[in-house]
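Below is final-v5.txt, holding compact mmCIF, C-alpha atoms and all ligand atoms.
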```txt
# COMPACT_ATOMS: atom_id res chain seq x y z
CA MET A 1 1.23 6.12 15.38
CA ALA A 2 2.51 2.80 14.15
CA THR A 3 3.19 2.03 17.80
CA ASN A 4 -0.50 1.66 18.65
CA ILE A 5 -1.66 -1.20 16.44
CA ASP A 6 -5.09 -2.42 17.50
CA LEU A 7 -4.21 -6.01 18.36
CA ASP A 8 -7.76 -7.21 18.88
CA LYS A 9 -8.72 -6.15 15.42
CA LEU A 10 -5.67 -7.38 13.56
CA GLU A 11 -4.39 -10.40 15.41
CA LYS A 12 -5.07 -13.43 13.29
CA VAL A 13 -2.61 -16.25 13.47
CA VAL A 14 -1.70 -17.74 10.14
CA PRO A 15 -0.77 -21.30 11.13
CA GLN A 16 1.76 -22.16 8.41
CA ALA A 17 3.74 -18.96 8.88
CA GLU A 18 7.08 -19.10 10.70
CA ASP A 19 8.06 -16.69 13.42
CA PHE A 20 11.78 -16.07 12.83
CA LEU A 21 10.76 -12.58 11.66
CA PRO A 22 8.23 -11.16 14.14
CA LEU A 23 6.68 -8.05 12.58
CA LEU A 24 4.86 -5.53 14.76
CA GLY A 25 3.29 -3.67 11.84
CA THR A 26 4.06 -1.39 8.93
CA ASP A 27 6.39 1.39 10.10
CA TYR A 28 6.29 3.67 7.07
CA VAL A 29 5.91 3.69 3.30
CA GLU A 30 8.38 5.90 1.45
CA LEU A 31 7.68 7.21 -2.02
CA TYR A 32 10.33 8.72 -4.24
CA VAL A 33 8.61 11.62 -5.99
CA GLY A 34 9.55 14.46 -8.33
CA ASN A 35 8.36 17.24 -6.05
CA ALA A 36 7.98 16.18 -2.42
CA LYS A 37 6.74 19.58 -1.25
CA GLN A 38 3.78 19.51 -3.61
CA SER A 39 3.09 15.79 -3.02
CA ALA A 40 3.00 16.51 0.72
CA TYR A 41 0.44 19.23 0.06
CA TYR A 42 -1.68 16.74 -1.92
CA TYR A 43 -1.63 14.10 0.83
CA GLN A 44 -2.39 16.74 3.44
CA THR A 45 -5.12 18.54 1.56
CA ALA A 46 -6.85 15.76 -0.33
CA TRP A 47 -6.19 12.83 1.99
CA GLY A 48 -6.16 14.41 5.45
CA PHE A 49 -2.64 13.37 6.46
CA GLN A 50 -1.00 15.40 9.23
CA PRO A 51 2.54 16.89 8.99
CA ILE A 52 4.92 15.07 11.35
CA ALA A 53 8.59 15.44 10.46
CA TYR A 54 10.93 16.96 7.90
CA SER A 55 14.50 16.48 6.73
CA GLY A 56 16.30 18.64 4.15
CA LEU A 57 18.61 21.61 3.76
CA GLU A 58 17.40 23.11 7.07
CA THR A 59 18.37 19.94 8.95
CA GLY A 60 21.75 19.64 7.22
CA ARG A 61 20.70 17.14 4.57
CA LYS A 62 22.10 18.36 1.23
CA ASP A 63 21.23 15.56 -1.21
CA GLN A 64 17.52 14.96 -0.61
CA VAL A 65 14.45 16.26 1.15
CA SER A 66 11.79 14.18 2.95
CA TYR A 67 8.39 15.05 4.38
CA VAL A 68 6.72 12.67 6.85
CA LEU A 69 2.94 12.62 7.13
CA GLU A 70 0.69 10.55 9.31
CA GLN A 71 -2.95 9.56 9.64
CA ASP A 72 -3.67 7.31 12.63
CA LYS A 73 -1.30 4.34 12.07
CA ILE A 74 -0.46 5.15 8.43
CA ARG A 75 2.85 6.92 7.93
CA LEU A 76 3.99 8.19 4.52
CA VAL A 77 7.43 9.57 3.69
CA LEU A 78 7.79 11.64 0.52
CA THR A 79 11.34 12.07 -0.74
CA SER A 80 12.77 14.14 -3.60
CA PRO A 81 16.36 14.64 -4.73
CA LEU A 82 18.11 18.01 -4.34
CA GLU A 83 20.94 17.10 -6.71
CA PRO A 84 20.97 16.18 -10.40
CA ASP A 85 22.35 12.65 -9.98
CA GLY A 86 21.91 9.89 -7.47
CA PRO A 87 19.72 6.91 -6.65
CA VAL A 88 16.52 8.87 -6.01
CA ASN A 89 16.81 10.60 -9.40
CA ALA A 90 17.49 7.28 -11.13
CA HIS A 91 14.44 5.73 -9.43
CA ILE A 92 12.15 8.57 -10.46
CA ASN A 93 13.55 8.58 -13.98
CA ALA A 94 12.87 4.86 -14.40
CA HIS A 95 9.58 4.53 -12.54
CA GLY A 96 8.00 7.95 -12.16
CA ASP A 97 6.78 8.65 -8.64
CA GLY A 98 6.44 5.39 -6.73
CA VAL A 99 6.97 3.39 -3.58
CA LYS A 100 10.63 2.71 -2.85
CA VAL A 101 10.45 1.51 0.77
CA VAL A 102 7.92 -0.62 2.60
CA ALA A 103 9.30 -0.30 6.13
CA LEU A 104 8.38 -2.90 8.72
CA TRP A 105 8.34 -2.24 12.46
CA VAL A 106 10.38 -4.83 14.37
CA ASP A 107 11.83 -5.40 17.84
CA ASP A 108 15.27 -6.30 16.51
CA ALA A 109 16.42 -4.89 13.17
CA THR A 110 19.79 -6.66 13.36
CA LYS A 111 18.24 -10.09 13.84
CA SER A 112 15.63 -9.35 11.13
CA PHE A 113 18.47 -8.61 8.71
CA GLU A 114 20.49 -11.69 9.67
CA GLU A 115 17.54 -14.09 9.54
CA THR A 116 16.33 -12.89 6.14
CA VAL A 117 19.78 -12.60 4.53
CA LYS A 118 20.63 -16.08 5.83
CA ARG A 119 17.54 -17.33 3.97
CA GLY A 120 18.54 -15.69 0.70
CA ALA A 121 17.49 -12.02 0.87
CA LYS A 122 19.70 -9.59 -1.04
CA PRO A 123 21.02 -6.99 1.44
CA TYR A 124 20.06 -3.35 0.85
CA MET A 125 21.19 -1.73 4.12
CA GLU A 126 23.43 -3.32 6.76
CA PRO A 127 22.12 -2.85 10.32
CA THR A 128 22.78 0.83 11.05
CA VAL A 129 22.37 2.74 14.32
CA GLU A 130 21.19 6.34 13.94
CA GLU A 131 21.17 8.64 16.97
CA ASP A 132 20.17 12.11 18.07
CA GLU A 133 19.09 13.79 21.30
CA TYR A 134 15.82 11.75 21.33
CA GLY A 135 17.54 8.36 21.36
CA SER A 136 18.56 5.80 18.79
CA VAL A 137 16.96 3.80 15.98
CA VAL A 138 18.40 0.72 14.33
CA ARG A 139 17.51 0.14 10.69
CA SER A 140 18.45 -2.53 8.17
CA GLY A 141 17.09 -3.43 4.76
CA ILE A 142 16.65 -6.07 2.08
CA HIS A 143 15.55 -6.00 -1.56
CA THR A 144 12.20 -7.33 -2.73
CA TYR A 145 10.49 -7.26 -6.17
CA GLY A 146 11.68 -4.70 -8.74
CA GLU A 147 13.61 -1.89 -7.10
CA THR A 148 11.39 -1.96 -4.02
CA VAL A 149 13.00 -2.60 -0.62
CA HIS A 150 11.94 -3.56 2.89
CA ILE A 151 13.56 -1.65 5.71
CA PHE A 152 13.34 -3.08 9.22
CA VAL A 153 12.91 -0.36 11.85
CA GLU A 154 13.72 -0.91 15.51
CA ARG A 155 12.56 2.18 17.41
CA LYS A 156 12.06 1.04 20.99
CA ASN A 157 14.81 3.41 22.18
CA TYR A 158 13.57 6.45 20.29
CA LYS A 159 11.22 9.28 21.27
CA GLY A 160 11.70 11.78 18.42
CA ALA A 161 9.23 12.81 15.71
CA PHE A 162 10.29 10.14 13.19
CA LEU A 163 13.95 9.17 12.82
CA PRO A 164 17.25 10.77 13.84
CA GLY A 165 18.10 13.47 11.28
CA TYR A 166 14.48 14.64 11.06
CA LYS A 167 12.99 17.56 12.92
CA ALA A 168 9.37 17.92 13.98
CA TRP A 169 7.48 19.58 11.14
CA ASP A 170 5.43 22.34 12.71
CA LYS A 171 3.29 23.46 9.84
CA PRO A 172 0.60 26.04 10.59
CA TYR A 173 -1.56 24.62 7.77
CA THR A 174 -3.40 21.47 8.82
CA THR A 175 -6.43 19.62 7.48
CA ALA A 176 -9.08 17.42 9.06
CA SER A 177 -8.33 13.69 9.09
CA ASN A 178 -10.30 11.56 6.63
CA GLY A 179 -10.74 8.66 9.05
CA LEU A 180 -8.04 6.46 7.49
CA LYS A 181 -6.72 4.12 10.19
CA TYR A 182 -4.13 1.60 9.05
CA ILE A 183 -2.74 -0.16 5.98
CA ASP A 184 -4.91 -3.22 5.45
CA HIS A 185 -2.77 -4.69 2.68
CA MET A 186 -0.22 -3.60 0.11
CA VAL A 187 -0.20 -5.12 -3.36
CA GLY A 188 2.78 -5.74 -5.62
CA ASN A 189 2.65 -6.20 -9.39
CA VAL A 190 5.33 -8.46 -10.82
CA GLY A 191 6.10 -9.59 -14.37
CA TRP A 192 5.02 -12.68 -16.35
CA ASN A 193 5.61 -15.95 -14.44
CA GLU A 194 7.16 -14.11 -11.48
CA MET A 195 4.29 -14.40 -8.99
CA ASN A 196 5.39 -17.76 -7.62
CA THR A 197 9.01 -16.63 -7.34
CA TRP A 198 8.02 -13.70 -5.15
CA CYS A 199 5.49 -15.67 -3.12
CA GLU A 200 8.27 -18.15 -2.45
CA PHE A 201 10.52 -15.26 -1.44
CA TYR A 202 7.96 -14.11 1.16
CA ALA A 203 7.50 -17.70 2.36
CA LYS A 204 11.16 -18.74 2.54
CA VAL A 205 12.94 -15.49 3.33
CA MET A 206 10.33 -13.80 5.52
CA GLY A 207 8.35 -16.76 6.91
CA PHE A 208 5.03 -15.65 5.40
CA ALA A 209 2.25 -18.09 4.50
CA GLN A 210 -0.14 -18.05 1.57
CA LEU A 211 -3.64 -17.02 2.61
CA VAL A 212 -5.43 -17.32 -0.69
CA SER A 213 -4.80 -17.75 -4.40
CA PHE A 214 -6.74 -16.49 -7.42
CA ASP A 215 -6.09 -17.83 -10.89
CA ASP A 216 -7.00 -16.34 -14.24
CA LYS A 217 -10.44 -18.00 -14.08
CA ASP A 218 -11.22 -16.07 -10.88
CA ILE A 219 -9.84 -12.80 -12.19
CA SER A 220 -10.78 -12.31 -15.78
CA THR A 221 -13.18 -10.35 -17.92
CA GLU A 222 -14.01 -10.80 -21.56
CA TYR A 223 -10.74 -9.06 -22.42
CA THR A 224 -8.09 -9.26 -19.70
CA ALA A 225 -6.86 -11.52 -16.92
CA LEU A 226 -4.46 -11.65 -14.03
CA MET A 227 -3.41 -14.01 -11.26
CA SER A 228 -2.90 -13.21 -7.61
CA LYS A 229 -1.72 -14.81 -4.36
CA VAL A 230 -1.99 -13.24 -0.94
CA MET A 231 0.96 -13.70 1.42
CA SER A 232 0.63 -12.91 5.14
CA ASN A 233 2.96 -12.88 8.09
CA GLY A 234 2.15 -15.00 11.15
CA ASN A 235 0.12 -12.47 13.14
CA GLY A 236 -1.76 -11.31 10.04
CA ARG A 237 -0.80 -7.67 10.42
CA ILE A 238 1.18 -7.62 7.17
CA LYS A 239 -0.56 -8.82 4.02
CA PHE A 240 1.12 -8.62 0.63
CA PRO A 241 -0.95 -9.81 -2.34
CA ILE A 242 1.24 -10.39 -5.42
CA ASN A 243 -0.24 -10.05 -8.93
CA GLU A 244 1.09 -11.18 -12.27
CA PRO A 245 -0.46 -10.72 -15.72
CA ALA A 246 -2.29 -13.59 -17.41
CA GLU A 247 -3.10 -14.14 -21.08
CA GLY A 248 -6.23 -12.37 -22.26
CA ARG A 249 -7.54 -10.98 -25.53
CA LYS A 250 -6.27 -7.52 -24.58
CA LYS A 251 -3.54 -6.01 -22.45
CA SER A 252 -4.25 -6.32 -18.73
CA GLN A 253 -3.89 -3.59 -16.12
CA ILE A 254 -0.85 -5.44 -14.73
CA GLU A 255 0.94 -5.25 -18.07
CA GLU A 256 0.03 -1.58 -18.34
CA TYR A 257 1.52 -1.03 -14.89
CA ILE A 258 4.71 -2.97 -15.69
CA ASP A 259 5.12 -1.00 -18.95
CA PHE A 260 4.76 2.40 -17.32
CA TYR A 261 6.59 1.57 -14.09
CA ASN A 262 9.36 -0.18 -16.03
CA GLY A 263 9.14 -3.30 -13.95
CA ALA A 264 7.68 -4.69 -10.77
CA GLY A 265 6.48 -2.39 -8.01
CA VAL A 266 3.79 -1.50 -5.52
CA GLN A 267 0.40 -1.32 -7.25
CA HIS A 268 -1.92 -0.25 -4.46
CA LEU A 269 -2.14 0.50 -0.79
CA ALA A 270 -5.43 -0.48 0.83
CA LEU A 271 -6.28 1.91 3.65
CA ALA A 272 -8.82 0.90 6.28
CA THR A 273 -11.61 3.09 7.61
CA ASP A 274 -14.44 2.52 10.10
CA ASN A 275 -16.84 4.61 8.03
CA ILE A 276 -16.30 4.27 4.31
CA ILE A 277 -19.25 6.45 3.35
CA GLU A 278 -17.90 9.39 5.32
CA THR A 279 -14.28 8.81 4.27
CA VAL A 280 -15.06 8.51 0.56
CA THR A 281 -17.47 11.47 0.66
CA ASN A 282 -14.71 13.63 2.14
CA LEU A 283 -12.06 12.34 -0.26
CA ARG A 284 -14.32 13.07 -3.23
CA ASN A 285 -15.09 16.53 -1.93
CA ARG A 286 -11.36 17.13 -1.70
CA GLY A 287 -10.80 16.10 -5.31
CA VAL A 288 -9.77 12.42 -5.13
CA GLU A 289 -11.11 10.52 -8.16
CA PHE A 290 -12.51 7.00 -7.90
CA LEU A 291 -13.34 4.25 -10.38
CA THR A 292 -17.05 3.85 -10.96
CA VAL A 293 -19.10 0.77 -11.75
CA PRO A 294 -22.33 0.79 -13.79
CA ALA A 295 -25.56 1.45 -11.84
CA THR A 296 -26.66 -2.08 -12.77
CA TYR A 297 -24.12 -3.40 -10.22
CA TYR A 298 -26.43 -2.20 -7.46
CA GLU A 299 -29.53 -3.84 -8.92
CA THR A 300 -28.29 -7.31 -8.02
CA VAL A 301 -25.61 -6.77 -5.40
CA LEU A 302 -27.81 -7.45 -2.38
CA ASP A 303 -28.95 -10.76 -3.92
CA ARG A 304 -25.29 -11.74 -3.89
CA VAL A 305 -24.14 -10.36 -0.51
CA GLY A 306 -27.36 -10.46 1.53
CA GLU A 307 -28.28 -7.97 4.20
CA ILE A 308 -25.90 -5.14 5.12
CA ASP A 309 -26.04 -2.42 7.80
CA GLU A 310 -25.66 0.46 5.36
CA ASP A 311 -28.28 2.01 3.10
CA LEU A 312 -27.61 1.05 -0.49
CA GLU A 313 -28.29 4.53 -1.87
CA PRO A 314 -25.15 6.34 -0.58
CA LEU A 315 -23.02 3.32 -1.55
CA LYS A 316 -24.44 3.50 -5.06
CA GLU A 317 -23.94 7.27 -5.25
CA LEU A 318 -20.29 6.94 -4.25
CA GLY A 319 -19.63 3.75 -6.26
CA ILE A 320 -18.63 1.68 -3.21
CA LEU A 321 -18.45 -2.08 -3.87
CA ILE A 322 -19.68 -4.82 -1.53
CA ASP A 323 -18.56 -8.43 -1.06
CA ARG A 324 -19.19 -11.18 1.47
CA ASP A 325 -17.30 -14.25 2.67
CA ASP A 326 -17.86 -16.83 5.44
CA GLU A 327 -16.87 -14.37 8.17
CA GLY A 328 -18.82 -11.27 7.19
CA TYR A 329 -18.79 -8.62 4.50
CA LEU A 330 -16.60 -5.78 3.31
CA LEU A 331 -17.03 -2.46 1.55
CA GLN A 332 -14.32 -1.24 -0.83
CA ILE A 333 -13.56 1.30 -3.54
CA PHE A 334 -10.52 2.07 -5.68
CA THR A 335 -9.11 5.42 -6.76
CA LYS A 336 -7.92 6.15 -10.25
CA PRO A 337 -4.09 6.18 -10.47
CA VAL A 338 -2.84 9.04 -8.27
CA LEU A 339 0.19 9.67 -10.48
CA ASP A 340 0.59 10.77 -14.09
CA ARG A 341 1.79 7.35 -15.15
CA PRO A 342 -1.05 4.81 -14.77
CA THR A 343 0.74 2.99 -11.96
CA MET A 344 -0.10 3.36 -8.25
CA PHE A 345 -3.56 3.81 -6.78
CA PHE A 346 -5.29 3.45 -3.43
CA GLU A 347 -8.09 1.24 -2.15
CA ILE A 348 -10.34 2.33 0.69
CA ILE A 349 -11.70 -0.65 2.62
CA GLN A 350 -14.08 -1.13 5.54
CA ARG A 351 -14.18 -4.66 6.91
CA LYS A 352 -17.32 -5.86 8.64
CA GLY A 353 -16.08 -9.30 9.58
CA ALA A 354 -14.83 -10.35 6.16
CA GLN A 355 -11.10 -11.08 5.98
CA SER A 356 -11.00 -11.60 2.21
CA PHE A 357 -10.20 -9.21 -0.63
CA GLY A 358 -13.39 -8.65 -2.60
CA LYS A 359 -13.28 -11.54 -5.07
CA GLY A 360 -16.95 -10.98 -5.94
CA ASN A 361 -16.07 -7.51 -7.18
CA PHE A 362 -13.10 -8.42 -9.34
CA LYS A 363 -15.04 -8.58 -12.59
CA ALA A 364 -16.90 -5.27 -12.14
CA LEU A 365 -13.69 -3.64 -10.96
CA PHE A 366 -11.53 -4.87 -13.82
CA GLU A 367 -14.14 -3.82 -16.35
CA ALA A 368 -14.01 -0.35 -14.78
CA ILE A 369 -10.22 -0.35 -15.15
CA GLU A 370 -10.52 -1.52 -18.77
CA ARG A 371 -12.75 1.47 -19.56
CA GLU A 372 -10.01 3.74 -18.19
CA GLN A 373 -7.32 1.82 -20.10
CA ALA A 374 -9.33 2.21 -23.32
CA GLU A 375 -9.34 5.98 -22.80
CA ARG A 376 -5.57 5.92 -22.29
CA GLY A 377 -5.10 3.76 -25.40
CA THR A 378 -3.38 1.06 -23.35
CA LEU A 379 -5.96 -1.78 -23.42
FE FE2 B 401 -6.66 -4.57 -2.53
```
Just dump the structure as structure tokens.
Ligand code: FE2
Amino acid sequence: MATNIDLDKLEKVVPQAEDFLPLLGTDYVELYVGNAKQSAYYYQTAWGFQPIAYSGLETGRKDQVSYVLEQDKIRLVLTSPLEPDGPVNAHINAHGDGVKVVALWVDDATKSFEETVKRGAKPYMEPTVEEDEYGSVVRSGIHTYGETVHIFVERKNYKGAFLPGYKAWDKPYTTASNGLKYIDHMVGNVGWNEMNTWCEFYAKVMGFAQLVSFDDKDISTEYTALMSKVMSNGNGRIKFPINEPAEGRKKSQIEEYIDFYNGAGVQHLALATDNIIETVTNLRNRGVEFLTVPATYYETVLDRVGEIDEDLEPLKELGILIDRDDEGYLLQIFTKPVLDRPTMFFEIIQRKGAQSFGKGNFKALFEAIEREQAERGTL
């Protein structure tokens, strides 16, 4: 549950951040999808998410249907329209399946709304109290990049399965968890010259601070380039890297994303595990496809990162990447896009001290993406 964040592991005070918007963690991530029932089956079967709650015709909701799935502290909501017109349809038509809501767990959704709107946020949802027999939830929301929104969720007076209006989803079919624990970070792609605008938005409107910045010299291959800044809230539980394209000889993955998503949006969710070898083995066995790097990566990787606890062989077999910073090392791997449009994908990450984002792997990773782009004819 999002209510059990492991403070010891995540607490990391970012000194420049301001605390007018205390965030307890990510509450849920909602995707608007063409067929929520089948997407739910995919996240259950391939990813090991557990069925939690449901809202639709059977609960009196006539316009849309939502399935809520959970794995440890990660909560996904999958929503599809039941009618031919409406905002969910328009979103899917423009963007394909994609993340609409990044919901943040707060103590006071009304104050979160007031503080952010006062600082320039565009309102999406006025503070709204929703109630049922399990108590009440207050939600409010603001716009962020593209058509993505943040919803603030105050649930201290609620004991139901998810939100009022949802019923517990008792599905006889369940799958084993894949050891995914929490959302480590969530990355947004924005258009040309928009990175600083949105970093400023997170700084000014939400009190975030910049953790790190990568320019096109850090993140470029022979052909493509991008720039990235990582914004974090004060306690470090919420990290939003923001990418924008940079000039290269060929079209970068960020441009490809922006073309197919029709604008800015969530590029990837990084999900943390305590055992990446086991998690990735299971995901692969269940049909999830990952990017691969050439075997030569593993010939020199230990010269770069030094000693690690894991045997190199299974990492090499699975294509897991390794990087080190001053605080330790990390293991990471990226899926291919999980949708038909080459837009959203997932990262699986295991941190062993390192708090960074795998800068040492950027080149190998982006070359892997370029090989995929070349196959799609979008490089
Ligand atoms: Fe990432």
Kindly work out which residues sit at most 9 Å from ligand FE2 401 (chain B), using only C-alpha atoms and all ligand atoms, and give the list as JSON, numbers by chain.
{"A": [184, 185, 186, 187, 241, 268, 269, 270, 271, 332, 334, 346, 347, 348, 349, 357, 358]}
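Considering the residues A:Gln16, A:Ser66, A:Gln253, A:Ser55 and counting only C-alpha atoms, Ala209 in chain A has its shortest atom-to-atom contact with A:Gln16.
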For Glu222 in chain A: contacts at 10 Å, all atoms listed in the file, fewer than 6 positions along chain excluded, given as a PyMOL selection string
chain A and resi 248-250+363+367
Extract, using all atoms listed in the file, all DNA, RNA and protein residues at most 12 Å from range 272-285 of chain A, discarding same-chain residues fewer than 3 positions from it, and format them as a ChimeraX atom specification.
/A:9-10,42-49,71-74,175-186,269,288-291,309-322,330-336,346-353
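The gap separating CA of Val33 in chain A from CA of Tyr173 in chain A is 21.5 Å, in Å to one decimal.
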Just want the 8 Å neighbourhood of Pro342 in chain A, counted on all atoms listed in the file, with same-chain residues fewer than 4 positions away dropped. Output as a list in words.
Glu256, Tyr257, Phe260, Pro337 and Val338 of chain A
For Glu70 in chain A, the closest of A:Tyr329, A:Tyr158, A:Tyr134, A:Trp169 counting all atoms listed in the file is A:Trp169
CA of Leu78 in chain A to CA of Leu24 in chain A, distance in Å rounded to a single decimal:
22.5 Å
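Atom to atom, CA of Lys37 in chain A and CA of Phe240 in chain A stand 28.8 Å apart.
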Save range 22-74 of chain A from what I just supplied, as a PDB file, in the first residue's frame, atoms limited to C-alpha atoms.
```pdb
ATOM      1  CA  PRO A  22       4.569  18.018   1.903  1.00  0.00           C
ATOM      2  CA  LEU A  23       4.222  14.853  -0.184  1.00  0.00           C
ATOM      3  CA  LEU A  24       3.933  11.471   1.516  1.00  0.00           C
ATOM      4  CA  GLY A  25       4.507   9.472  -1.658  1.00  0.00           C
ATOM      5  CA  THR A  26       2.949   8.522  -4.970  1.00  0.00           C
ATOM      6  CA  ASP A  27      -0.694   7.551  -4.406  1.00  0.00           C
ATOM      7  CA  TYR A  28      -1.529   6.110  -7.820  1.00  0.00           C
ATOM      8  CA  VAL A  29      -0.737   6.393 -11.513  1.00  0.00           C
ATOM      9  CA  GLU A  30      -3.758   6.364 -13.804  1.00  0.00           C
ATOM     10  CA  LEU A  31      -3.489   5.390 -17.450  1.00  0.00           C
ATOM     11  CA  TYR A  32      -6.204   6.086 -19.982  1.00  0.00           C
ATOM     12  CA  VAL A  33      -6.269   3.002 -22.202  1.00  0.00           C
ATOM     13  CA  GLY A  34      -8.357   1.640 -25.069  1.00  0.00           C
ATOM     14  CA  ASN A  35      -9.319  -1.585 -23.329  1.00  0.00           C
ATOM     15  CA  ALA A  36      -8.883  -1.482 -19.556  1.00  0.00           C
ATOM     16  CA  LYS A  37     -10.020  -5.066 -19.023  1.00  0.00           C
ATOM     17  CA  GLN A  38      -7.281  -6.445 -21.255  1.00  0.00           C
ATOM     18  CA  SER A  39      -4.652  -3.995 -19.948  1.00  0.00           C
ATOM     19  CA  ALA A  40      -5.493  -5.138 -16.412  1.00  0.00           C
ATOM     20  CA  TYR A  41      -4.932  -8.721 -17.518  1.00  0.00           C
ATOM     21  CA  TYR A  42      -1.520  -7.737 -18.934  1.00  0.00           C
ATOM     22  CA  TYR A  43      -0.390  -5.993 -15.734  1.00  0.00           C
ATOM     23  CA  GLN A  44      -1.655  -8.903 -13.659  1.00  0.00           C
ATOM     24  CA  THR A  45      -0.262 -11.690 -15.772  1.00  0.00           C
ATOM     25  CA  ALA A  46       2.995 -10.259 -17.058  1.00  0.00           C
ATOM     26  CA  TRP A  47       3.859  -7.869 -14.238  1.00  0.00           C
ATOM     27  CA  GLY A  48       2.453  -9.577 -11.147  1.00  0.00           C
ATOM     28  CA  PHE A  49       0.095  -6.796 -10.040  1.00  0.00           C
ATOM     29  CA  GLN A  50      -2.770  -7.817  -7.749  1.00  0.00           C
ATOM     30  CA  PRO A  51      -6.440  -6.858  -8.359  1.00  0.00           C
ATOM     31  CA  ILE A  52      -7.618  -4.327  -5.752  1.00  0.00           C
ATOM     32  CA  ALA A  53     -10.661  -2.319  -6.797  1.00  0.00           C
ATOM     33  CA  TYR A  54     -13.085  -1.769  -9.649  1.00  0.00           C
ATOM     34  CA  SER A  55     -15.516   0.896 -10.795  1.00  0.00           C
ATOM     35  CA  GLY A  56     -17.870   0.614 -13.787  1.00  0.00           C
ATOM     36  CA  LEU A  57     -21.399  -0.310 -14.789  1.00  0.00           C
ATOM     37  CA  GLU A  58     -21.741  -2.675 -11.798  1.00  0.00           C
ATOM     38  CA  THR A  59     -20.930   0.154  -9.374  1.00  0.00           C
ATOM     39  CA  GLY A  60     -23.243   2.632 -11.096  1.00  0.00           C
ATOM     40  CA  ARG A  61     -20.591   4.353 -13.202  1.00  0.00           C
ATOM     41  CA  LYS A  62     -21.981   4.689 -16.738  1.00  0.00           C
ATOM     42  CA  ASP A  63     -19.332   6.724 -18.582  1.00  0.00           C
ATOM     43  CA  GLN A  64     -16.079   4.915 -17.788  1.00  0.00           C
ATOM     44  CA  VAL A  65     -14.606   1.817 -16.231  1.00  0.00           C
ATOM     45  CA  SER A  66     -11.502   1.623 -14.004  1.00  0.00           C
ATOM     46  CA  TYR A  67      -9.466  -1.287 -12.675  1.00  0.00           C
ATOM     47  CA  VAL A  68      -7.071  -0.737  -9.757  1.00  0.00           C
ATOM     48  CA  LEU A  69      -4.039  -2.985  -9.385  1.00  0.00           C
ATOM     49  CA  GLU A  70      -1.324  -2.990  -6.788  1.00  0.00           C
ATOM     50  CA  GLN A  71       2.135  -4.412  -6.191  1.00  0.00           C
ATOM     51  CA  ASP A  72       3.618  -3.478  -2.811  1.00  0.00           C
ATOM     52  CA  LYS A  73       3.517   0.367  -2.851  1.00  0.00           C
ATOM     53  CA  ILE A  74       2.853   0.730  -6.591  1.00  0.00           C
TER      54      ILE A  74
END
```
